[in-house]
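Structure, as structure tokens:
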Amino acid sequence: MFSLEAIFIGFLGSAIGAGVAIGLGSALSAVLSQGFLSGLPGLNILLFEPMSVTFVILLVMVIAFLSGTLPAQRAAKQNPIESLRYE
């Protein structure tokens, strides 16, 4: 359960972040290419390739999986009585 939740949160965070980055980057690229750089043919200031965005999303999901699973696995090995003694 913790693993799926961590993967889902990692996916949501990276997908929303990638969407915002692509939106702002495309808008910024359009504004800058309309300005003093408009004389350069074929100018694309920021390029977002689908494979690189997909790789970053998958990498964030793996990191989120590890950061959610490893502490949960360590906590599962603890004795519940010992863990709650100091609460």
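Letters A, B, ... mark the chains of the structure tokens in the order given; residue numbers begin at 1 per chain; ligand numbers begin at 1, in order shown.
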
Near-stretch 57-68 of chain A list (9 Å; only C-alpha atoms; drop same-chain fewer than 2 positions) as a PyMOL selection string = chain A and resi 2-11+13-15+18+52-55+70-73

For the atom pair atom CA of A:Phe48 and atom CA of A:Gln34, what is the interatomic distance in Å to one decimal place?
-> 18.9 Å

As an mmCIF file with C-alpha atoms, in the first residue's frame, list the residues of chain A assigned to helix (DSSP H, G or I) by DSSP on the backbone atoms of this structure.
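Saved file result28.cif follows:
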data_model
loop_
_atom_site.group_PDB
_atom_site.id
_atom_site.type_symbol
_atom_site.label_atom_id
_atom_site.label_comp_id
_atom_site.auth_asym_id
_atom_site.auth_seq_id
_atom_site.Cartn_x
_atom_site.Cartn_y
_atom_site.Cartn_z
ATOM 1 C CA PHE A 2 2.815 2.417 0.865
ATOM 2 C CA SER A 3 4.618 1.515 -2.345
ATOM 3 C CA LEU A 4 1.629 2.253 -4.552
ATOM 4 C CA GLU A 5 0.939 5.488 -2.712
ATOM 5 C CA ALA A 6 4.552 6.596 -3.082
ATOM 6 C CA ILE A 7 4.569 5.767 -6.801
ATOM 7 C CA PHE A 8 1.279 7.600 -7.321
ATOM 8 C CA ILE A 9 2.459 10.701 -5.466
ATOM 9 C CA GLY A 10 5.728 10.630 -7.433
ATOM 10 C CA PHE A 11 3.808 10.343 -10.687
ATOM 11 C CA LEU A 12 1.436 13.169 -9.828
ATOM 12 C CA GLY A 13 4.222 15.469 -8.701
ATOM 13 C CA SER A 14 6.415 14.827 -11.705
ATOM 14 C CA ALA A 15 3.556 14.938 -14.228
ATOM 15 C CA ILE A 16 2.222 18.226 -12.844
ATOM 16 C CA GLY A 17 5.756 19.621 -12.680
ATOM 17 C CA ALA A 18 6.504 18.526 -16.241
ATOM 18 C CA GLY A 19 3.235 20.037 -17.474
ATOM 19 C CA VAL A 20 3.938 23.362 -15.802
ATOM 20 C CA ALA A 21 7.541 23.351 -17.043
ATOM 21 C CA ILE A 22 6.474 22.617 -20.621
ATOM 22 C CA GLY A 23 3.772 25.288 -20.494
ATOM 23 C CA LEU A 24 5.997 27.989 -19.023
ATOM 24 C CA GLY A 25 8.976 26.973 -21.138
ATOM 25 C CA SER A 26 6.968 27.071 -24.357
ATOM 26 C CA ALA A 27 5.503 30.466 -23.447
ATOM 27 C CA LEU A 28 8.935 31.823 -22.551
ATOM 28 C CA SER A 29 10.410 30.441 -25.750
ATOM 29 C CA ALA A 30 7.654 32.072 -27.809
ATOM 30 C CA VAL A 31 8.120 35.439 -26.091
ATOM 31 C CA LEU A 32 11.904 35.395 -26.448
ATOM 32 C CA SER A 33 11.821 34.301 -30.081
ATOM 33 C CA GLN A 34 9.409 37.162 -30.879
ATOM 34 C CA PRO A 50 8.813 13.379 -25.061
ATOM 35 C CA MET A 51 11.404 10.698 -24.280
ATOM 36 C CA SER A 52 13.363 12.927 -21.900
ATOM 37 C CA VAL A 53 10.175 14.048 -20.120
ATOM 38 C CA THR A 54 9.059 10.404 -19.816
ATOM 39 C CA PHE A 55 12.479 9.412 -18.473
ATOM 40 C CA VAL A 56 12.349 12.145 -15.815
ATOM 41 C CA ILE A 57 8.824 11.109 -14.766
ATOM 42 C CA LEU A 58 9.900 7.456 -14.462
ATOM 43 C CA LEU A 59 13.039 8.429 -12.550
ATOM 44 C CA VAL A 60 10.993 10.466 -10.063
ATOM 45 C CA MET A 61 8.594 7.539 -9.663
ATOM 46 C CA VAL A 62 11.502 5.192 -8.846
ATOM 47 C CA ILE A 63 12.937 7.667 -6.335
ATOM 48 C CA ALA A 64 9.489 8.105 -4.752
ATOM 49 C CA PHE A 65 9.088 4.317 -4.573
ATOM 50 C CA LEU A 66 12.397 3.934 -2.771
ATOM 51 C CA SER A 67 11.777 6.831 -0.418
ATOM 52 C CA GLY A 68 8.361 5.445 0.491
ATOM 53 C CA THR A 69 9.203 1.760 0.681
ATOM 54 C CA LEU A 70 12.524 1.707 2.518
ATOM 55 C CA PRO A 71 11.295 3.506 5.686
ATOM 56 C CA ALA A 72 8.090 1.448 5.663
ATOM 57 C CA GLN A 73 10.103 -1.753 5.398
ATOM 58 C CA ARG A 74 12.316 -0.678 8.290
ATOM 59 C CA ALA A 75 9.270 0.257 10.371
ATOM 60 C CA ALA A 76 7.643 -3.112 9.649
ATOM 61 C CA PRO A 80 5.078 -2.313 17.861
ATOM 62 C CA ILE A 81 5.243 -2.260 21.660
ATOM 63 C CA GLU A 82 8.761 -0.823 21.632
ATOM 64 C CA SER A 83 7.811 1.740 19.000
ATOM 65 C CA LEU A 84 4.770 2.984 20.916
#
